[in-house]
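Colleague: This one is data.cif, mmCIF, C-alpha atoms.
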data_target
#
loop_
_atom_site.label_atom_id
_atom_site.label_comp_id
_atom_site.auth_asym_id
_atom_site.auth_seq_id
_atom_site.Cartn_x
_atom_site.Cartn_y
_atom_site.Cartn_z
CA MET A 20 -178.65 -186.22 41.97
CA LEU A 21 -175.02 -185.19 41.63
CA ARG A 22 -174.52 -181.42 41.57
CA LEU A 23 -171.54 -179.95 39.78
CA SER A 24 -169.79 -176.75 40.72
CA ARG A 25 -169.66 -173.88 38.26
CA THR A 26 -166.00 -174.59 37.52
CA SER A 27 -166.72 -178.27 36.90
CA LYS A 28 -169.52 -177.39 34.49
CA ILE A 29 -167.24 -175.06 32.54
CA VAL A 30 -164.45 -177.62 32.35
CA LEU A 31 -166.88 -180.37 31.35
CA GLY A 32 -168.40 -178.10 28.70
CA LEU A 33 -164.97 -177.32 27.24
CA VAL A 34 -164.08 -181.02 27.13
CA VAL A 35 -167.35 -181.87 25.36
CA ALA A 36 -166.83 -179.01 22.89
CA ALA A 37 -163.27 -180.16 22.16
CA ILE A 38 -164.47 -183.72 21.53
CA LEU A 39 -167.24 -182.52 19.20
CA VAL A 40 -164.79 -180.35 17.26
CA PHE A 41 -162.37 -183.27 16.99
CA LEU A 42 -165.17 -185.52 15.69
CA TYR A 43 -166.94 -183.19 13.30
CA LEU A 44 -164.28 -180.78 12.02
CA PRO A 45 -162.87 -183.41 9.59
CA LEU A 46 -166.39 -183.99 8.27
CA MET A 47 -166.85 -180.27 7.75
CA LEU A 48 -163.58 -180.18 5.80
CA VAL A 49 -164.87 -182.94 3.55
CA VAL A 50 -168.11 -181.01 2.91
CA ALA A 51 -166.22 -177.77 2.25
CA ASN A 52 -163.82 -179.41 -0.21
CA SER A 53 -166.71 -180.93 -2.14
CA PHE A 54 -167.43 -177.33 -3.23
CA ASN A 55 -163.78 -176.45 -3.77
CA SER A 56 -163.13 -175.22 -7.31
CA ALA A 57 -159.48 -176.31 -7.10
CA ARG A 58 -158.52 -179.62 -8.68
CA ILE A 59 -156.76 -180.81 -5.51
CA ALA A 60 -158.39 -180.73 -2.08
CA SER A 61 -156.92 -177.94 0.02
CA TRP A 62 -157.58 -175.67 2.97
CA PRO A 63 -158.64 -172.93 3.20
CA VAL A 64 -161.05 -173.10 0.29
CA THR A 65 -160.43 -169.95 -1.75
CA SER A 66 -163.20 -170.33 -4.33
CA PHE A 67 -166.33 -172.43 -4.52
CA SER A 68 -167.88 -174.38 -7.37
CA VAL A 69 -170.40 -177.16 -8.00
CA ASP A 70 -168.38 -178.64 -10.87
CA TRP A 71 -167.33 -181.62 -8.74
CA TRP A 72 -170.97 -182.32 -7.91
CA HIS A 73 -171.78 -182.44 -11.62
CA ALA A 74 -168.80 -184.73 -12.19
CA ALA A 75 -169.90 -187.07 -9.41
CA PHE A 76 -173.53 -187.30 -10.54
CA SER A 77 -172.51 -187.89 -14.15
CA SER A 78 -169.94 -190.58 -13.29
CA ASP A 79 -170.94 -194.07 -14.40
CA ALA A 80 -168.39 -195.57 -12.00
CA VAL A 81 -169.97 -193.82 -9.01
CA ARG A 82 -173.47 -194.93 -9.97
CA ALA A 83 -172.33 -198.52 -10.53
CA ALA A 84 -170.48 -198.61 -7.19
CA LEU A 85 -173.46 -197.12 -5.37
CA LEU A 86 -175.83 -199.65 -6.92
CA ASN A 87 -173.52 -202.51 -5.97
CA SER A 88 -173.31 -201.27 -2.38
CA LEU A 89 -177.09 -200.97 -2.13
CA LEU A 90 -177.66 -204.44 -3.58
CA VAL A 91 -175.07 -206.08 -1.33
CA ALA A 92 -176.33 -204.26 1.78
CA ALA A 93 -179.95 -205.12 0.97
CA GLY A 94 -179.11 -208.79 0.39
CA ALA A 95 -176.97 -209.04 3.53
CA THR A 96 -179.69 -207.32 5.57
CA THR A 97 -182.30 -209.77 4.30
CA ILE A 98 -180.10 -212.71 5.31
CA ALA A 99 -179.43 -211.11 8.69
CA LEU A 100 -183.12 -210.40 9.38
CA VAL A 101 -184.20 -213.96 8.60
CA LEU A 102 -181.37 -215.92 10.22
CA GLY A 103 -180.78 -213.52 13.10
CA THR A 104 -184.45 -213.61 14.11
CA LEU A 105 -184.69 -217.41 13.79
CA VAL A 106 -181.57 -217.96 15.91
CA ALA A 107 -182.79 -215.47 18.51
CA PHE A 108 -186.10 -217.35 18.81
CA ALA A 109 -184.33 -220.69 18.98
CA LEU A 110 -182.01 -219.61 21.79
CA GLN A 111 -184.71 -217.79 23.73
CA ARG A 112 -187.61 -220.21 23.45
CA TYR A 113 -185.85 -223.59 23.59
CA ARG A 114 -183.24 -225.36 25.68
CA PHE A 115 -180.87 -227.76 23.93
CA PHE A 116 -177.38 -229.20 24.11
CA GLY A 117 -174.72 -226.76 22.89
CA GLN A 118 -176.92 -223.68 23.30
CA ARG A 119 -174.13 -221.51 24.67
CA ALA A 120 -171.79 -222.66 21.91
CA VAL A 121 -174.33 -221.63 19.28
CA ASN A 122 -174.69 -218.23 20.94
CA LEU A 123 -170.90 -217.79 20.85
CA LEU A 124 -170.62 -218.87 17.22
CA VAL A 125 -173.31 -216.38 16.15
CA VAL A 126 -171.59 -213.47 17.89
CA LEU A 127 -168.01 -214.45 16.96
CA PRO A 128 -167.93 -213.09 13.35
CA ILE A 129 -168.46 -209.50 14.52
CA ALA A 130 -165.60 -209.87 17.02
CA LEU A 131 -163.13 -211.20 14.45
CA PRO A 132 -161.05 -208.67 12.49
CA GLY A 133 -162.63 -208.09 9.09
CA ILE A 134 -159.46 -209.08 7.27
CA VAL A 135 -159.49 -212.50 8.97
CA THR A 136 -163.09 -213.09 7.91
CA GLY A 137 -162.29 -211.92 4.40
CA VAL A 138 -159.29 -214.23 4.02
CA ALA A 139 -161.23 -217.20 5.41
CA LEU A 140 -164.16 -216.67 3.04
CA SER A 141 -161.87 -216.06 0.07
CA ASN A 142 -160.04 -219.33 0.74
CA THR A 143 -163.36 -221.16 1.04
CA TYR A 144 -164.63 -219.77 -2.27
CA ASN A 145 -161.39 -220.23 -4.20
CA GLN A 146 -160.11 -223.51 -2.79
CA ILE A 147 -163.30 -225.46 -2.05
CA LEU A 148 -166.35 -224.15 -3.91
CA GLU A 149 -164.87 -223.08 -7.25
CA PRO A 150 -162.87 -226.33 -7.78
CA ALA A 151 -166.15 -228.16 -7.12
CA GLY A 152 -167.77 -226.19 -9.96
CA ILE A 153 -169.76 -223.82 -7.75
CA GLN A 154 -169.39 -220.24 -8.98
CA ILE A 155 -170.27 -217.85 -6.15
CA GLY A 156 -169.64 -214.49 -7.81
CA PHE A 157 -171.70 -211.51 -6.64
CA MET A 158 -173.85 -213.67 -4.37
CA GLY A 159 -170.74 -214.77 -2.52
CA MET A 160 -170.07 -211.17 -1.51
CA ILE A 161 -173.64 -210.84 -0.22
CA VAL A 162 -173.31 -214.06 1.80
CA ALA A 163 -169.96 -212.86 3.16
CA HIS A 164 -171.54 -209.62 4.39
CA GLY A 165 -174.46 -211.53 5.84
CA THR A 166 -172.15 -213.60 8.08
CA PHE A 167 -171.22 -210.61 10.25
CA CYS A 168 -174.54 -208.73 9.89
CA ILE A 169 -176.56 -211.53 11.49
CA VAL A 170 -175.32 -210.61 14.95
CA MET A 171 -176.81 -207.10 14.65
CA VAL A 172 -180.32 -208.45 14.26
CA PHE A 173 -179.68 -211.33 16.64
CA ASN A 174 -178.61 -209.13 19.55
CA ASN A 175 -181.49 -206.68 19.13
CA VAL A 176 -184.20 -209.31 18.74
CA LEU A 177 -182.84 -211.55 21.50
CA ALA A 178 -182.70 -208.67 23.98
CA ARG A 179 -186.29 -207.78 23.18
CA LEU A 180 -187.56 -211.37 23.34
CA ARG A 181 -186.14 -211.74 26.83
CA ARG A 182 -188.40 -208.91 27.96
CA LEU A 183 -191.63 -210.20 26.42
CA ASN A 184 -194.44 -211.52 28.57
CA PRO A 185 -195.19 -215.10 27.38
CA SER A 186 -198.64 -215.01 28.96
CA ILE A 187 -199.85 -212.70 26.17
CA GLU A 188 -199.04 -215.32 23.55
CA GLU A 189 -200.64 -218.02 25.68
CA ALA A 190 -203.80 -215.96 25.93
CA SER A 191 -203.84 -215.55 22.14
CA ARG A 192 -203.62 -219.31 21.64
CA ASP A 193 -206.26 -219.95 24.31
CA LEU A 194 -208.61 -217.67 22.38
CA GLY A 195 -208.25 -219.86 19.29
CA ALA A 196 -205.56 -218.04 17.30
CA SER A 197 -203.32 -220.18 15.12
CA PRO A 198 -199.52 -220.08 15.66
CA TRP A 199 -199.13 -217.85 12.59
CA GLN A 200 -201.89 -215.49 13.77
CA THR A 201 -200.29 -215.30 17.21
CA PHE A 202 -196.91 -214.47 15.72
CA ARG A 203 -198.28 -211.92 13.25
CA LEU A 204 -200.72 -210.12 15.55
CA VAL A 205 -199.17 -210.55 19.00
CA THR A 206 -195.50 -211.57 18.97
CA PHE A 207 -194.09 -209.62 16.03
CA PRO A 208 -195.55 -206.22 17.01
CA GLN A 209 -193.81 -206.57 20.37
CA PHE A 210 -190.30 -206.97 18.90
CA ARG A 211 -190.85 -205.06 15.64
CA SER A 212 -188.85 -202.03 16.77
CA ALA A 213 -185.85 -204.20 17.67
CA PHE A 214 -186.23 -206.06 14.37
CA ILE A 215 -186.16 -202.84 12.34
CA ALA A 216 -183.32 -201.33 14.39
CA GLY A 217 -181.25 -204.47 13.85
CA GLY A 218 -181.95 -204.31 10.12
CA ILE A 219 -180.82 -200.68 9.98
CA LEU A 220 -177.58 -201.50 11.80
CA ALA A 221 -176.97 -204.49 9.53
CA PHE A 222 -177.53 -202.39 6.39
CA ALA A 223 -175.19 -199.64 7.61
CA LEU A 224 -172.50 -202.16 8.59
CA SER A 225 -172.65 -203.88 5.21
CA PHE A 226 -172.80 -200.64 3.21
CA ASP A 227 -169.41 -199.36 4.42
CA GLU A 228 -167.59 -202.70 4.79
CA VAL A 229 -164.16 -202.73 3.11
CA TYR A 230 -161.98 -205.62 4.29
CA VAL A 231 -164.38 -208.49 3.63
CA THR A 232 -165.37 -206.90 0.33
CA ILE A 233 -161.77 -206.71 -0.88
CA PHE A 234 -161.36 -210.47 -0.56
CA THR A 235 -164.80 -211.56 -1.78
CA ALA A 236 -165.74 -209.06 -4.51
CA PRO A 237 -165.75 -210.54 -8.05
CA PRO A 238 -163.15 -209.09 -10.47
CA GLY A 239 -164.19 -205.71 -11.83
CA VAL A 240 -166.94 -205.18 -9.23
CA ASP A 241 -166.58 -202.18 -6.91
CA THR A 242 -168.75 -201.17 -4.01
CA LEU A 243 -168.78 -197.54 -2.96
CA PRO A 244 -166.17 -197.96 -0.18
CA LEU A 245 -163.87 -199.79 -2.59
CA TRP A 246 -164.34 -197.08 -5.19
CA ILE A 247 -163.50 -194.38 -2.64
CA MET A 248 -160.41 -196.28 -1.48
CA ASN A 249 -159.18 -196.69 -5.07
CA GLN A 250 -159.81 -193.04 -5.92
CA MET A 251 -157.84 -191.79 -2.92
CA THR A 252 -154.65 -192.73 -4.78
CA ARG A 253 -155.59 -190.22 -7.50
CA PRO A 254 -155.20 -186.68 -6.10
CA ASN A 255 -157.02 -185.12 -9.06
CA GLU A 256 -160.16 -187.10 -8.15
CA ALA A 257 -160.07 -186.24 -4.45
CA ASN A 258 -162.86 -183.66 -4.65
CA VAL A 259 -165.17 -186.11 -6.43
CA VAL A 260 -164.56 -188.42 -3.48
CA ASN A 261 -165.44 -185.54 -1.16
CA VAL A 262 -168.76 -185.11 -2.97
CA VAL A 263 -169.60 -188.78 -2.58
CA ALA A 264 -168.54 -188.68 1.08
CA THR A 265 -170.73 -185.60 1.64
CA ILE A 266 -173.75 -187.39 0.21
CA ILE A 267 -173.07 -190.37 2.47
CA ILE A 268 -172.77 -188.06 5.49
CA LEU A 269 -176.12 -186.44 4.72
CA ALA A 270 -177.77 -189.80 4.03
CA SER A 271 -176.46 -191.14 7.35
CA PHE A 272 -178.80 -188.82 9.22
CA ILE A 273 -181.77 -190.88 8.03
CA PRO A 274 -180.94 -194.20 9.77
CA VAL A 275 -179.74 -192.32 12.87
CA TRP A 276 -183.04 -190.44 13.07
CA VAL A 277 -185.05 -193.62 12.49
CA SER A 278 -183.07 -195.49 15.16
CA GLN A 279 -183.66 -192.70 17.66
CA ARG A 280 -187.38 -192.68 16.93
CA LEU A 281 -187.56 -196.46 17.32
CA GLY A 282 -185.65 -196.29 20.59
CA ARG A 283 -187.92 -193.54 21.89
CA ASP A 284 -191.05 -195.47 20.91
CA LEU A 285 -189.67 -198.61 22.58
CA ALA A 286 -188.89 -196.70 25.78
CA ASP A 287 -192.36 -195.10 25.81
CA ARG A 288 -193.97 -198.52 25.37
CA ASP A 289 -192.03 -199.92 28.32
#
As structure tokens, what does this structure read like?

Modeller:
Amino acid sequence: MLRLSRTSKIVLGLVVAAILVFLYLPLMLVVANSFNSARIASWPVTSFSVDWWHAAFSSDAVRAALLNSLLVAAGATTIALVLGTLVAFALQRYRFFGQRAVNLLVVLPIALPGIVTGVALSNTYNQILEPAGIQIGFMGMIVAHGTFCIVMVFNNVLARLRRLNPSIEEASRDLGASPWQTFRLVTFPQFRSAFIAGGILAFALSFDEVYVTIFTAPPGVDTLPLWIMNQMTRPNEANVVNVVATIIILASFIPVWVSQRLGRDLADRD
């Protein structure tokens, strides 16, 4: 084990502290300004109030944007869980021509800049589907989010499948279990943690996506990130944005905690 000198420990501690301050001080400013009684966000906060919290909770636009974000993220996560798991099983359990190409094509959307994906999907909807009489609308935005969320589930499930012992499934079948019983009682419990972790990552990625949403959202439909971006051009509404951002910050602890618990359980099992 590498031993550090006292001076090295102090320097390393100061570097870590500086990084943490750099990361979390802006978040603390957002939280503080959500209680700022002034109409415009400022620092230092001279007086505190919960008026902006009342304004945020009573805003129909905020509630509508939040609902849209939840629906889109839930739909994209569902698509990602189904398709990502199926592709992971196909690439892990079978050998076929073009297997590496399929693997690359599944991972590619997450590597592409979001604006490129958004432009490509917008052109597809507007120039191919709509002239053919196919109205995508809100569902098109969900499908667009699903295209880059699939890789989150795919990577997690594929990594876990590669570590499974196939003899356990063979033993289940030898004992008379049907393929569905084997999957439900033997296979799925072994990659369930990776499945859930991938779903959490997919939901979080979809929830705060901006670029793809700009190009694929139907007219008049805002998700929460779009609403925040639009409100940032209105200084008098900045503290309402800070309230919404504070709620998102607090809510973000839930998936982080769940992911850590799943990772710890997975490590204990191994």

Colleague: Could you state the separation of CA of Ile268 in chain A and CA of Ser212 in chain A in Å, given to one decimal place?

Modeller: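 Between CA of Ile268 in chain A and CA of Ser212 in chain A the gap works out to 24.1 Å.
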
Colleague: Report the residues retrieved by the PyMOL selection byres ((chain A and resi 206) around 12) from the displayed file, expressed as a PyMOL selection string.

Modeller: chain A and resi 108+176+179-180+182-192+198-205+207-212+214

Colleague: Write out as a list in words the residues lying within 12 Å of Met47 in chain A, counting only C-alpha atoms and excluding same-chain residues fewer than 5 positions away.

Modeller: Leu39, Val40, Phe41, Leu42, Asn52, Ser53, Phe54, Trp62, Pro63, Val64, Asn261, Val262, Ala264, Thr265, Ile268 and Leu269 of chain A

Colleague: Applying the PyMOL selection byres ((chain A and resi 105) around 12) to the file I just gave you, which residues come out? Please list them as a PyMOL selection string.

Modeller: chain A and resi 98-104+106-113+125+169-170+172-174+176-177+180+214

Colleague: Using only C-alpha atoms for the distances, tell me which of A:Ala84, A:Ile215, A:Leu127, A:Val30 is nearest to Gln279 in chain A.

Modeller: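 Going through A:Ala84, A:Ile215, A:Leu127, A:Val30 one by one, the smallest distance to Gln279 in chain A is for A:Ile215.
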
Colleague: Report as a PyMOL selection string the residues that result from applying the PyMOL selection byres ((chain A and resi 91) around 8) to the structure here.

Modeller: chain A and resi 87-90+92-95+160-161+164+225-226

Colleague: Which of these residues is nearest to Leu46 in chain A, using all atoms listed in the file: A:Ile266, A:Arg25, A:Ala213, A:Arg280?

Modeller: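 For Leu46 in chain A, the nearest of the given residues is A:Ile266.
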
Colleague: Could you state the separation of CA of Ala236 in chain A and CA of Gly156 in chain A in Å, given to one decimal place?

Modeller: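 If I compute the distance from CA of Ala236 in chain A to CA of Gly156 in chain A, I get 7.5 Å.
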